[in-house]
file run23.tsv (TSV, C-alpha atoms)
chain	number	residue	atom	x	y	z
A	10	MET	CA	96.15	-28.02	-28.11
A	11	HIS	CA	93.42	-25.66	-29.28
A	12	SER	CA	93.95	-23.22	-26.39
A	13	GLY	CA	97.66	-22.92	-27.18
A	14	ALA	CA	97.19	-22.35	-30.90
A	15	PRO	CA	96.22	-18.64	-30.69
A	16	PHE	CA	99.24	-17.96	-28.49
A	17	ARG	CA	101.62	-19.77	-30.85
A	18	GLU	CA	100.16	-17.95	-33.82
A	19	ALA	CA	100.46	-14.57	-32.09
A	20	ALA	CA	104.04	-15.39	-31.07
A	21	ARG	CA	104.93	-16.39	-34.63
A	22	VAL	CA	103.44	-13.20	-36.05
A	23	ALA	CA	105.28	-11.09	-33.44
A	24	LEU	CA	108.64	-12.75	-34.19
A	25	ASP	CA	108.08	-12.42	-37.95
A	26	SER	CA	107.40	-8.71	-37.43
A	27	LEU	CA	110.62	-8.34	-35.42
A	28	ARG	CA	112.66	-10.05	-38.13
A	29	ALA	CA	111.04	-8.15	-40.98
A	30	ASN	CA	111.70	-4.73	-39.45
A	31	LYS	CA	114.98	-5.13	-37.55
A	32	LEU	CA	115.88	-1.42	-37.30
A	33	ARG	CA	112.36	-0.40	-36.34
A	34	SER	CA	112.24	-3.21	-33.80
A	35	PHE	CA	115.55	-2.14	-32.27
A	36	LEU	CA	114.49	1.49	-32.00
A	37	THR	CA	111.12	0.40	-30.61
A	38	LEU	CA	112.76	-1.71	-27.92
A	39	LEU	CA	115.63	0.66	-27.09
A	40	GLY	CA	113.87	2.14	-24.05
A	41	ILE	CA	112.98	-1.32	-22.71
A	42	ILE	CA	116.54	-2.57	-23.34
A	43	LEU	CA	118.08	0.37	-21.49
A	44	ALA	CA	115.59	0.07	-18.62
A	45	THR	CA	116.16	-3.66	-18.17
A	46	SER	CA	119.95	-3.47	-18.44
A	47	THR	CA	120.05	-0.58	-15.95
A	48	LEU	CA	117.81	-2.42	-13.50
A	49	ILE	CA	119.76	-5.68	-13.71
A	50	GLY	CA	123.11	-3.87	-13.64
A	51	VAL	CA	122.19	-2.12	-10.39
A	52	MET	CA	120.78	-5.33	-8.89
A	53	SER	CA	123.99	-7.17	-9.85
A	54	LEU	CA	126.16	-4.44	-8.31
A	55	ILE	CA	124.20	-4.44	-5.05
A	56	HIS	CA	124.11	-8.25	-4.90
A	57	GLY	CA	127.84	-8.49	-5.60
A	58	MET	CA	128.64	-5.86	-3.00
A	59	ASP	CA	126.40	-7.58	-0.43
A	60	ILE	CA	128.43	-10.76	-0.85
A	61	TYR	CA	131.67	-8.78	-0.91
A	62	VAL	CA	130.94	-6.83	2.26
A	63	ALA	CA	129.83	-9.97	4.08
A	64	GLN	CA	132.83	-12.09	3.05
A	65	THR	CA	135.71	-9.69	2.52
A	66	VAL	CA	135.47	-6.12	3.74
A	67	SER	CA	134.74	-6.84	7.39
A	68	ASP	CA	137.16	-9.21	9.12
A	69	MET	CA	135.38	-8.84	12.45
A	70	GLY	CA	133.14	-11.86	12.12
A	71	ALA	CA	129.68	-12.17	13.60
A	72	ASP	CA	130.93	-11.86	17.20
A	73	GLY	CA	133.74	-9.33	16.76
A	74	PHE	CA	133.93	-5.57	17.23
A	75	ARG	CA	136.54	-2.80	17.42
A	76	ILE	CA	137.23	0.05	19.80
A	77	VAL	CA	138.86	2.95	17.97
A	78	ARG	CA	139.62	6.60	18.62
A	79	MET	CA	136.99	7.78	16.13
A	80	ALA	CA	134.87	6.39	13.32
A	81	PHE	CA	132.89	8.02	10.52
A	82	PHE	CA	129.75	6.54	8.98
A	83	GLY	CA	127.99	8.58	6.33
A	84	ASN	CA	129.06	11.93	4.90
A	85	TRP	CA	132.62	13.08	5.53
A	86	ASP	CA	132.66	16.25	7.60
A	87	PRO	CA	136.10	17.94	8.02
A	88	LYS	CA	134.77	20.08	10.89
A	89	LYS	CA	133.56	17.02	12.77
A	90	PHE	CA	136.90	15.31	12.12
A	91	LEU	CA	138.81	18.23	13.64
A	92	GLU	CA	136.35	18.29	16.54
A	93	PHE	CA	136.97	14.58	17.19
A	94	LEU	CA	140.72	15.10	16.98
A	95	LYS	CA	140.50	17.62	19.81
A	96	LYS	CA	137.89	15.79	21.89
A	97	ASN	CA	138.88	12.12	21.51
A	98	PRO	CA	142.16	11.16	23.18
A	99	GLU	CA	144.27	8.33	21.80
A	100	LEU	CA	143.69	4.83	23.10
A	101	GLY	CA	146.65	3.31	24.92
A	102	PRO	CA	148.12	0.22	26.64
A	103	GLU	CA	147.01	1.36	30.12
A	104	GLU	CA	143.33	1.44	29.13
A	105	PHE	CA	143.79	-1.91	27.40
A	106	ALA	CA	145.15	-3.48	30.60
A	107	PHE	CA	142.21	-2.00	32.55
A	108	LEU	CA	139.71	-3.53	30.10
A	109	GLN	CA	141.51	-6.89	30.08
A	110	GLU	CA	141.27	-7.17	33.86
A	111	ARG	CA	137.59	-6.29	34.13
A	112	ALA	CA	135.77	-7.31	30.93
A	113	THR	CA	133.71	-10.47	31.48
A	114	LEU	CA	131.68	-10.75	28.27
A	115	VAL	CA	134.57	-10.98	25.80
A	116	LYS	CA	136.52	-14.18	25.19
A	117	ALA	CA	139.37	-12.36	23.46
A	118	LEU	CA	140.62	-8.78	23.60
A	119	GLY	CA	143.54	-7.67	21.48
A	120	MET	CA	145.49	-4.49	20.81
A	121	THR	CA	146.84	-3.29	17.48
A	122	SER	CA	148.62	-0.38	15.84
A	123	SER	CA	149.97	0.04	12.31
A	124	ARG	CA	152.05	2.14	9.96
A	125	GLN	CA	153.61	1.95	6.48
A	126	VAL	CA	157.19	0.65	6.33
A	127	ARG	CA	159.94	-0.54	4.00
A	128	VAL	CA	160.61	-4.28	4.15
A	129	SER	CA	163.64	-5.97	2.62
A	130	ALA	CA	164.92	-9.55	2.35
A	131	GLU	CA	166.88	-11.73	-0.06
A	132	GLY	CA	168.34	-8.65	-1.76
A	133	GLN	CA	164.89	-7.24	-2.59
A	134	HIS	CA	162.72	-4.63	-0.94
A	135	MET	CA	159.07	-3.58	-0.79
A	136	GLN	CA	157.81	-0.07	-0.05
A	137	GLY	CA	154.46	0.75	1.54
A	138	VAL	CA	154.07	-2.52	3.43
A	139	SER	CA	151.55	-2.36	6.29
A	140	LEU	CA	153.35	-3.10	9.55
A	141	GLN	CA	150.84	-4.31	12.12
A	142	GLY	CA	151.83	-4.43	15.77
A	143	ALA	CA	149.32	-6.87	17.20
A	144	SER	CA	148.56	-8.96	20.24
A	145	PRO	CA	149.12	-12.68	19.60
A	146	ASN	CA	145.37	-13.35	19.84
A	147	LEU	CA	144.59	-10.95	16.98
A	148	ALA	CA	144.92	-13.85	14.51
A	149	GLU	CA	142.07	-15.62	16.32
A	150	ILE	CA	139.93	-12.48	16.54
A	151	THR	CA	140.33	-11.61	12.84
A	152	ASN	CA	140.31	-15.27	11.69
A	153	THR	CA	143.77	-14.88	10.13
A	154	GLN	CA	144.90	-18.41	9.22
A	155	ILE	CA	148.54	-19.47	9.19
A	156	ALA	CA	149.79	-21.24	6.05
A	157	PHE	CA	153.38	-21.92	7.22
A	158	GLY	CA	154.85	-21.91	10.68
A	159	ARG	CA	152.95	-20.44	13.63
A	160	MET	CA	151.69	-17.28	15.30
A	161	TYR	CA	154.05	-15.66	17.79
A	162	THR	CA	153.31	-16.25	21.49
A	163	GLU	CA	152.36	-14.04	24.43
A	164	THR	CA	155.80	-14.69	25.92
A	165	GLU	CA	157.46	-13.37	22.75
A	166	ASN	CA	155.13	-10.38	22.89
A	167	ARG	CA	155.95	-9.55	26.55
A	168	ARG	CA	159.68	-9.97	25.95
A	169	ARG	CA	159.53	-7.87	22.77
A	170	ILE	CA	161.19	-10.61	20.70
A	171	PRO	CA	161.83	-9.52	17.06
A	172	VAL	CA	159.63	-12.13	15.34
A	173	ALA	CA	157.13	-11.66	12.54
A	174	VAL	CA	154.25	-13.24	10.64
A	175	ILE	CA	154.21	-12.14	7.00
A	176	GLY	CA	151.30	-11.77	4.57
A	177	ALA	CA	150.98	-13.79	1.36
A	178	ASP	CA	152.22	-10.93	-0.87
A	179	VAL	CA	155.37	-10.46	1.21
A	180	LYS	CA	155.97	-14.21	1.25
A	181	GLU	CA	155.60	-14.53	-2.53
A	182	THR	CA	157.88	-11.55	-3.16
A	183	PHE	CA	160.75	-12.66	-0.92
A	184	PHE	CA	160.30	-16.42	-0.48
A	185	PRO	CA	158.33	-17.85	-3.42
A	186	ASN	CA	157.67	-21.59	-3.42
A	187	VAL	CA	159.48	-22.17	-0.10
A	188	ASP	CA	158.58	-22.25	3.58
A	189	PRO	CA	159.68	-18.83	4.92
A	190	THR	CA	159.83	-20.02	8.54
A	191	GLY	CA	163.22	-19.17	10.03
A	192	LYS	CA	164.08	-16.61	7.33
A	193	THR	CA	164.87	-12.99	8.17
A	194	VAL	CA	163.14	-9.83	6.97
A	195	HIS	CA	164.32	-6.30	7.71
A	196	ILE	CA	161.67	-3.77	8.72
A	197	ASN	CA	163.05	-0.28	8.16
A	198	GLY	CA	166.49	-1.86	8.54
A	199	ARG	CA	165.74	-3.87	11.71
A	200	PRO	CA	165.97	-7.69	11.46
A	201	PHE	CA	162.98	-9.86	12.37
A	202	GLU	CA	162.79	-13.64	12.25
A	203	VAL	CA	159.83	-14.99	10.28
A	204	VAL	CA	157.96	-17.50	12.44
A	205	GLY	CA	154.95	-17.85	10.16
A	206	SER	CA	153.13	-16.67	7.03
A	207	ALA	CA	149.39	-16.13	6.62
A	208	LYS	CA	147.05	-17.61	4.06
A	209	SER	CA	145.92	-15.22	1.35
A	210	LEU	CA	143.11	-12.86	2.40
A	211	GLY	CA	142.37	-11.49	-1.08
A	212	SER	CA	141.74	-7.84	-1.86
A	213	VAL	CA	139.28	-5.05	-1.15
A	214	PHE	CA	138.38	-2.80	-4.12
A	215	GLY	CA	141.62	-3.83	-5.84
A	216	GLN	CA	143.77	-3.19	-2.75
A	217	SER	CA	145.54	-6.31	-1.51
A	218	LYS	CA	144.97	-7.38	2.10
A	219	ASP	CA	148.09	-9.59	1.98
A	220	ASN	CA	150.69	-6.83	1.86
A	221	PHE	CA	151.49	-6.82	5.57
A	222	VAL	CA	153.94	-7.88	8.25
A	223	MET	CA	152.59	-8.60	11.74
A	224	ILE	CA	154.87	-8.29	14.76
A	225	PRO	CA	154.26	-8.40	18.54
A	226	VAL	CA	152.54	-5.21	19.62
A	227	GLU	CA	155.11	-4.64	22.38
A	228	SER	CA	157.91	-4.87	19.80
A	229	PHE	CA	156.02	-2.30	17.74
A	230	PHE	CA	155.73	0.03	20.76
A	231	LYS	CA	159.45	-0.40	21.44
A	232	MET	CA	160.20	0.81	17.91
A	233	TYR	CA	157.57	3.53	17.43
A	234	GLY	CA	155.96	4.25	20.79
A	235	SER	CA	152.39	3.69	21.94
A	236	ARG	CA	151.00	7.22	21.84
A	237	GLN	CA	149.10	7.12	18.55
A	238	GLY	CA	147.17	4.84	16.22
A	239	VAL	CA	146.25	2.26	18.88
A	240	ALA	CA	142.98	0.34	18.55
A	241	TYR	CA	141.45	-2.63	20.36
A	242	ALA	CA	139.83	-5.70	18.81
A	243	ALA	CA	137.37	-7.79	20.80
A	244	MET	CA	135.34	-10.96	20.39
A	245	ALA	CA	132.19	-11.49	22.42
A	246	VAL	CA	131.72	-14.73	24.36
A	247	ASP	CA	128.97	-15.60	21.85
A	248	HIS	CA	126.70	-13.87	19.37
A	249	ALA	CA	123.82	-13.69	21.87
A	250	HIS	CA	125.95	-11.45	24.12
A	251	MET	CA	127.35	-9.29	21.32
A	252	PHE	CA	125.56	-6.08	22.27
A	253	GLN	CA	126.03	-6.65	26.01
A	254	ALA	CA	129.78	-7.11	25.42
A	255	GLN	CA	129.95	-3.83	23.51
A	256	ASP	CA	128.02	-2.05	26.25
A	257	GLU	CA	130.31	-3.51	28.92
A	258	ILE	CA	133.45	-2.30	27.11
A	259	ARG	CA	131.83	1.10	26.57
A	260	MET	CA	130.93	1.47	30.27
A	261	LEU	CA	134.40	0.36	31.42
A	262	LEU	CA	136.12	2.77	29.07
A	263	ARG	CA	133.84	5.62	30.15
A	264	ALA	CA	134.66	4.79	33.78
A	265	TRP	CA	138.42	4.84	33.06
A	266	ARG	CA	138.08	8.20	31.31
A	267	LYS	CA	135.78	9.53	34.05
A	268	LEU	CA	133.07	10.63	31.60
A	269	PRO	CA	129.99	11.93	33.46
A	270	PRO	CA	126.49	10.62	32.58
A	271	GLY	CA	125.04	12.41	29.57
A	272	GLN	CA	128.41	13.27	28.02
A	273	ASP	CA	129.10	11.72	24.62
A	274	ASP	CA	131.66	8.95	24.26
A	275	ASN	CA	135.11	10.21	23.25
A	276	PHE	CA	135.87	6.94	21.45
A	277	ALA	CA	133.96	4.69	19.03
A	278	VAL	CA	132.80	1.08	19.12
A	279	VAL	CA	132.22	-0.41	15.65
A	280	SER	CA	131.09	-3.85	14.53
A	281	SER	CA	130.12	-5.72	11.38
A	282	ASP	CA	126.58	-4.44	11.96
A	283	SER	CA	127.91	-0.87	11.70
A	284	PHE	CA	129.28	-1.57	8.22
A	285	ALA	CA	126.09	-3.40	7.27
A	286	MET	CA	123.94	-0.42	8.31
A	287	VAL	CA	126.10	2.01	6.30
A	288	TRP	CA	125.99	-0.26	3.28
A	289	GLU	CA	122.22	-0.63	3.60
A	290	ARG	CA	121.81	3.17	3.57
A	291	MET	CA	124.05	3.42	0.52
A	292	THR	CA	122.22	0.67	-1.39
A	293	SER	CA	118.86	2.25	-0.57
A	294	ALA	CA	119.99	5.49	-2.20
A	295	ILE	CA	121.40	3.61	-5.21
A	296	ALA	CA	118.21	1.58	-5.57
A	297	ALA	CA	115.98	4.66	-5.34
A	298	THR	CA	117.98	6.40	-8.10
A	299	ALA	CA	117.87	3.26	-10.24
A	300	VAL	CA	114.09	2.95	-9.83
A	301	ALA	CA	113.63	6.56	-10.98
A	302	VAL	CA	115.84	6.03	-14.07
A	303	VAL	CA	114.27	2.66	-14.90
A	304	SER	CA	110.75	4.08	-14.54
A	305	VAL	CA	111.50	6.84	-17.08
A	306	PHE	CA	113.01	4.34	-19.53
A	307	MET	CA	110.10	1.92	-19.08
A	308	VAL	CA	107.45	4.59	-19.64
A	309	VAL	CA	109.23	5.91	-22.73
A	310	GLY	CA	109.69	2.37	-24.03
A	311	GLY	CA	106.07	1.52	-23.32
A	312	ILE	CA	104.78	4.60	-25.17
A	313	VAL	CA	106.96	3.73	-28.17
A	314	ILE	CA	105.60	0.17	-28.14
A	315	MET	CA	102.03	1.50	-27.98
A	316	ASN	CA	102.66	3.76	-30.99
A	317	ILE	CA	104.20	0.91	-32.96
A	318	MET	CA	101.32	-1.40	-32.09
A	319	MET	CA	98.85	1.28	-33.24
A	320	ALA	CA	100.72	1.37	-36.55
A	321	VAL	CA	100.62	-2.45	-36.72
A	322	VAL	CA	96.87	-2.43	-36.12
A	323	THR	CA	96.43	0.07	-38.97
A	324	GLU	CA	98.62	-2.01	-41.29
A	325	ARG	CA	96.65	-5.18	-40.54
A	326	THR	CA	93.12	-3.71	-40.62
A	327	GLN	CA	91.96	-5.95	-43.51
A	328	GLU	CA	93.48	-9.01	-41.80
A	329	ILE	CA	91.49	-8.17	-38.66
A	330	GLY	CA	88.31	-7.78	-40.72
A	331	LEU	CA	88.92	-11.12	-42.47
A	332	ARG	CA	89.51	-12.94	-39.20
A	333	LYS	CA	86.35	-11.46	-37.67
A	334	SER	CA	84.27	-12.39	-40.70
A	335	LEU	CA	85.54	-15.97	-40.35
A	336	GLY	CA	84.34	-16.16	-36.76
A	337	ALA	CA	87.17	-14.74	-34.64
A	338	ARG	CA	85.77	-13.33	-31.44
A	339	ARG	CA	86.67	-9.98	-29.91
A	340	LYS	CA	88.72	-11.63	-27.17
A	341	ASP	CA	90.68	-13.58	-29.82
A	342	ILE	CA	91.77	-10.35	-31.53
A	343	LEU	CA	92.43	-8.69	-28.18
A	344	GLY	CA	94.54	-11.64	-27.01
A	345	GLN	CA	96.54	-11.79	-30.23
A	346	PHE	CA	97.67	-8.17	-30.09
A	347	LEU	CA	98.31	-8.30	-26.33
A	348	VAL	CA	100.55	-11.34	-26.83
A	349	GLU	CA	102.39	-9.59	-29.65
A	350	SER	CA	102.92	-6.47	-27.51
A	351	ALA	CA	104.09	-8.51	-24.50
A	352	LEU	CA	106.46	-10.62	-26.60
A	353	LEU	CA	107.85	-7.51	-28.23
A	354	ALA	CA	108.62	-6.01	-24.83
A	355	ALA	CA	109.89	-9.32	-23.43
A	356	THR	CA	112.34	-9.56	-26.34
A	357	GLY	CA	113.65	-6.14	-25.36
A	358	GLY	CA	113.89	-7.34	-21.76
A	359	LEU	CA	115.85	-10.42	-22.84
A	360	VAL	CA	118.27	-8.30	-24.86
A	361	GLY	CA	118.65	-6.05	-21.80
A	362	VAL	CA	119.45	-9.10	-19.66
A	363	LEU	CA	122.16	-10.23	-22.08
A	364	LEU	CA	123.61	-6.71	-22.24
A	365	ALA	CA	123.64	-6.44	-18.43
A	366	TYR	CA	125.25	-9.89	-18.12
A	367	GLY	CA	128.02	-8.93	-20.54
A	368	LEU	CA	128.57	-5.68	-18.65
A	369	ALA	CA	128.69	-7.52	-15.29
A	370	VAL	CA	131.27	-10.00	-16.60
A	371	ALA	CA	133.42	-7.21	-18.06
A	372	VAL	CA	133.28	-5.14	-14.87
A	373	ARG	CA	134.04	-8.15	-12.67
A	374	ASN	CA	137.01	-9.25	-14.82
A	375	PHE	CA	138.60	-5.90	-15.61
A	376	THR	CA	137.86	-3.74	-12.56
A	377	PRO	CA	137.98	-4.28	-8.78
A	378	VAL	CA	134.21	-3.68	-8.55
A	379	PRO	CA	132.39	-6.93	-7.63
A	380	MET	CA	129.24	-7.78	-9.55
A	381	ALA	CA	127.10	-10.91	-9.29
A	382	MET	CA	123.84	-11.33	-11.20
A	383	PRO	CA	121.16	-13.00	-9.07
A	384	ALA	CA	118.63	-15.24	-10.79
A	385	THR	CA	115.84	-13.01	-9.48
A	386	ALA	CA	117.27	-10.11	-11.53
A	387	VAL	CA	116.73	-12.01	-14.79
A	388	ALA	CA	113.16	-12.95	-13.86
A	389	THR	CA	112.46	-9.40	-12.69
A	390	GLY	CA	113.87	-7.81	-15.87
A	391	VAL	CA	112.03	-10.01	-18.36
A	392	GLY	CA	108.85	-10.13	-16.27
A	393	LEU	CA	108.71	-6.36	-15.78
A	394	SER	CA	109.27	-5.66	-19.48
A	395	SER	CA	106.51	-8.14	-20.39
A	396	ILE	CA	104.11	-6.40	-17.98
A	397	VAL	CA	104.99	-3.03	-19.54
A	398	GLY	CA	104.28	-4.50	-22.98
A	399	LEU	CA	100.93	-5.83	-21.82
A	400	PHE	CA	99.94	-2.55	-20.17
A	401	PHE	CA	100.85	-0.33	-23.10
A	402	GLY	CA	99.44	-2.86	-25.56
A	403	ILE	CA	95.95	-2.74	-24.06
A	404	TYR	CA	94.81	0.35	-25.98
A	405	PRO	CA	95.98	-0.79	-29.48
A	406	ALA	CA	94.63	-4.31	-28.84
A	407	SER	CA	91.31	-2.87	-27.67
A	408	GLN	CA	91.06	-0.71	-30.79
A	409	ALA	CA	91.74	-3.73	-32.97
A	410	SER	CA	89.15	-5.89	-31.19
A	411	LYS	CA	86.44	-3.21	-31.57
A	412	MET	CA	86.79	-2.93	-35.35
A	413	ASP	CA	83.71	-3.59	-37.44
A	414	PRO	CA	84.59	-6.49	-39.81
A	415	ILE	CA	82.83	-4.93	-42.83
A	416	GLU	CA	84.52	-1.54	-42.37
A	417	ALA	CA	87.84	-3.28	-41.81
A	418	LEU	CA	87.53	-5.28	-45.05
A	419	ARG	CA	86.76	-2.07	-46.96
A	420	ALA	CA	89.88	-0.34	-45.68
A	421	GLU	CA	92.45	0.51	-48.32
A	422	ARG	CA	95.72	-1.34	-48.30
call {"tool": "encode", "arguments": {"input": "run23.tsv", "output": "structure tokens"}}
result
Amino acid sequence: MHSGAPFREAARVALDSLRANKLRSFLTLLGIILATSTLIGVMSLIHGMDIYVAQTVSDMGADGFRIVRMAFFGNWDPKKFLEFLKKNPELGPEEFAFLQERATLVKALGMTSSRQVRVSAEGQHMQGVSLQGASPNLAEITNTQIAFGRMYTETENRRRIPVAVIGADVKETFFPNVDPTGKTVHINGRPFEVVGSAKSLGSVFGQSKDNFVMIPVESFFKMYGSRQGVAYAAMAVDHAHMFQAQDEIRMLLRAWRKLPPGQDDNFAVVSSDSFAMVWERMTSAIAATAVAVVSVFMVVGGIVIMNIMMAVVTERTQEIGLRKSLGARRKDILGQFLVESALLAATGGLVGVLLAYGLAVAVRNFTPVPMAMPATAVATGVGLSSIVGLFFGIYPASQASKMDPIEALRAER
């Protein structure tokens, strides 16, 4: 009990001081509040985006990867884009057939192409729907789950049958509250029978992933040709052979295109790891900027707290002298003012946490930006602010503890 009494007394005095001088306390803690809220806000953004990227942005799964004409990771470079346009030929069905026959480390290999179309049904129409020509196995590769009906078959794909699987947005627009199987949708005026509808996939940065119609890729080629926009989707036999599967596809495609050793690929292989690496580079830059801003705020806040504590020591000089004359030791005075300084800063940290939490909730509810506050962010924010309070409270507390009790008692009020 005795060991906790000085702490409780110091805490009570610190809280009384906060209540008695609300404006001064707010201005004192403003730097700490801004630093803590900035730190936790950035941590919440990064944590939310980590979850978002892992669960939503990439539909490749742990064992999936894509083969595309070109891919950009990092800064956008128009010159490099034009260079790739000239150097990288379009992928096509012939290369796909070559890969299908020879690839041994993939358990599924699909082909896809897409474009924006107008879809109509039941007297209504939708503009800007994503039409995806896809191999029947693309649903398995991308983990697209069917809510009603079924996926079209390889036979329907080879025979170019006009069948379609619709996304949740298209289903809700044209066929709300009913099974759409057997209904007809018109894609740019051409009728397609709906054989299934997909479960909702959600959205990415506010853009719905359910606004699509999927048709057999051969039906797509019949309508629009196969000379542009083709990509391949693959799934490795297992995660242990992920990189070997990518290398195998790369070597086969280089062989088909007769690329000599040493010449760069004129296509791109991308996986979930590619997105993760890009995101990691982005978050590192965000975190570095946040650390710089937070450090400035913390130093400014700490200096303000030190100045205020110096003023508090001056105001309470006679109290310090009285306590020393009654037997208070130097470490008792030092501990009291350190506790007050740390509690003062921790209060600012707590206010910063609440401010950051409110901001995270508002951003998550009213914008497409995902934010999720990890428990470690709260502990980090309050803990760091307390440490700043302790550090910048050392000098005022030391000055108070060194006071001569007689001189302190003589000090004018």
call {"tool": "axis_aligned_box", "arguments": {"input": "run23.tsv", "around": "stretch 238-248 of chain A", "padding_each_side": "5 Å", "output": "lines of an AutoDock Vina configuration file"}}
result
center_x = 136.9
center_y = -5.4
center_z = 20.3
size_x = 30.5
size_y = 30.4
size_z = 18.1
call {"tool": "closest_residue", "arguments": {"input": "run23.tsv", "among": "A:Gly238, A:Pro225, A:Gly176, A:Gly198", "to": "A:Met79", "atoms": "all atoms listed in the file"}}
result
A:Gly238
call {"tool": "closest_residue", "arguments": {"input": "run23.tsv", "among": "A:Arg325, A:Lys411, A:Lys96, A:Lys231", "to": "A:Asp341", "atoms": "only C-alpha atoms"}}
result
A:Lys411
call {"tool": "atom_distance", "arguments": {"input": "run23.tsv", "atom1": "atom CA of A:Met160", "atom2": "atom CA of A:Ser217"}}
result
21.0 Å
call {"tool": "residues_near_point", "arguments": {"input": "run23.tsv", "point": "(144.8, 2.7, 16.1)", "cutoff": "9 Å", "atoms": "only C-alpha atoms", "output": "ChimeraX atom specification"}}
result
/A:76-78,99-100,120-123,237-241
call {"tool": "atom_distance", "arguments": {"input": "run23.tsv", "atom1": "atom CA of A:Ala337", "atom2": "atom CA of A:Ile396"}}
result
25.2 Å
call {"tool": "residues_around", "arguments": {"input": "run23.tsv", "residues": "A:Lys218", "least_positions_apart": "3", "cutoff": "9 Å", "atoms": "only C-alpha atoms", "output": "list in words"}}
result
Gly176, Ala177, Asp178, Ser209, Leu210, Gly211, Ser212, Val213 and Phe221 of chain A
call {"tool": "atom_distance", "arguments": {"input": "run23.tsv", "atom1": "atom CA of A:Gly402", "atom2": "atom CA of A:Phe346"}}
result
7.2 Å
call {"tool": "residues_around", "arguments": {"input": "run23.tsv", "residues": "A:Met307", "least_positions_apart": "2", "cutoff": "7 Å", "atoms": "only C-alpha atoms", "output": "list in words"}}
result
Gly40, Ile41, Ala44, Val303, Ser304, Val305, Val309, Gly310 and Gly311 of chain A
call {"tool": "write_last_selection", "arguments": {"input": "run23.tsv", "atoms": "C-alpha atoms", "output": "mmCIF file, in the coordinates of the input"}}
result
data_model
loop_
_atom_site.group_PDB
_atom_site.id
_atom_site.type_symbol
_atom_site.label_atom_id
_atom_site.label_comp_id
_atom_site.auth_asym_id
_atom_site.auth_seq_id
_atom_site.Cartn_x
_atom_site.Cartn_y
_atom_site.Cartn_z
ATOM 1 C CA GLY A 40 113.870 2.140 -24.050
ATOM 2 C CA ILE A 41 112.980 -1.320 -22.710
ATOM 3 C CA ALA A 44 115.590 0.070 -18.620
ATOM 4 C CA VAL A 303 114.270 2.660 -14.900
ATOM 5 C CA SER A 304 110.750 4.080 -14.540
ATOM 6 C CA VAL A 305 111.500 6.840 -17.080
ATOM 7 C CA VAL A 309 109.230 5.910 -22.730
ATOM 8 C CA GLY A 310 109.690 2.370 -24.030
ATOM 9 C CA GLY A 311 106.070 1.520 -23.320
#
call {"tool": "closest_residue", "arguments": {"input": "run23.tsv", "among": "A:Trp265, A:Phe230, A:Phe276, A:Phe105", "to": "A:Ala242", "atoms": "all atoms listed in the file"}}
result
A:Phe105
call {"tool": "residues_around", "arguments": {"input": "run23.tsv", "residues": "A:Ser394", "least_positions_apart": "4", "cutoff": "9 Å", "atoms": "all atoms listed in the file", "output": "ChimeraX atom specification"}}
result
/A:41-42,44-45,307,311,351,354-359,389-390,398-399
call {"tool": "write_last_selection", "arguments": {"input": "run23.tsv", "atoms": "C-alpha atoms", "output": "PDB file, keeping the file's coordinate frame"}}
result
ATOM      1  CA  ILE A  41     112.980  -1.320 -22.710  1.00  0.00           C
ATOM      2  CA  ILE A  42     116.540  -2.570 -23.340  1.00  0.00           C
ATOM      3  CA  ALA A  44     115.590   0.070 -18.620  1.00  0.00           C
ATOM      4  CA  THR A  45     116.160  -3.660 -18.170  1.00  0.00           C
ATOM      5  CA  MET A 307     110.100   1.920 -19.080  1.00  0.00           C
ATOM      6  CA  GLY A 311     106.070   1.520 -23.320  1.00  0.00           C
ATOM      7  CA  ALA A 351     104.090  -8.510 -24.500  1.00  0.00           C
ATOM      8  CA  ALA A 354     108.620  -6.010 -24.830  1.00  0.00           C
ATOM      9  CA  ALA A 355     109.890  -9.320 -23.430  1.00  0.00           C
ATOM     10  CA  THR A 356     112.340  -9.560 -26.340  1.00  0.00           C
ATOM     11  CA  GLY A 357     113.650  -6.140 -25.360  1.00  0.00           C
ATOM     12  CA  GLY A 358     113.890  -7.340 -21.760  1.00  0.00           C
ATOM     13  CA  LEU A 359     115.850 -10.420 -22.840  1.00  0.00           C
ATOM     14  CA  THR A 389     112.460  -9.400 -12.690  1.00  0.00           C
ATOM     15  CA  GLY A 390     113.870  -7.810 -15.870  1.00  0.00           C
ATOM     16  CA  GLY A 398     104.280  -4.500 -22.980  1.00  0.00           C
ATOM     17  CA  LEU A 399     100.930  -5.830 -21.820  1.00  0.00           C
TER      18      LEU A 399
END
call {"tool": "build_atoms", "arguments": {"input": "run23.tsv", "residues": "stretch 274-278 of chain A", "atoms": "N, CA and C atoms", "output": "PDB file, in the coordinates of the input"}}
result
ATOM      1  N   ASP A 274     130.423   9.725  24.257  1.00  0.00           N
ATOM      2  CA  ASP A 274     131.660   8.950  24.260  1.00  0.00           C
ATOM      3  C   ASP A 274     132.749   9.709  23.519  1.00  0.00           C
ATOM      4  N   ASN A 275     133.990   9.619  24.000  1.00  0.00           N
ATOM      5  CA  ASN A 275     135.110  10.210  23.250  1.00  0.00           C
ATOM      6  C   ASN A 275     135.977   9.101  22.667  1.00  0.00           C
ATOM      7  N   PHE A 276     135.284   8.074  22.161  1.00  0.00           N
ATOM      8  CA  PHE A 276     135.870   6.940  21.450  1.00  0.00           C
ATOM      9  C   PHE A 276     134.732   6.345  20.634  1.00  0.00           C
ATOM     10  N   ALA A 277     135.005   5.301  19.852  1.00  0.00           N
ATOM     11  CA  ALA A 277     133.960   4.690  19.030  1.00  0.00           C
ATOM     12  C   ALA A 277     134.048   3.175  19.100  1.00  0.00           C
ATOM     13  N   VAL A 278     132.894   2.543  19.167  1.00  0.00           N
ATOM     14  CA  VAL A 278     132.800   1.080  19.120  1.00  0.00           C
ATOM     15  C   VAL A 278     132.110   0.718  17.802  1.00  0.00           C
TER      16      VAL A 278
END
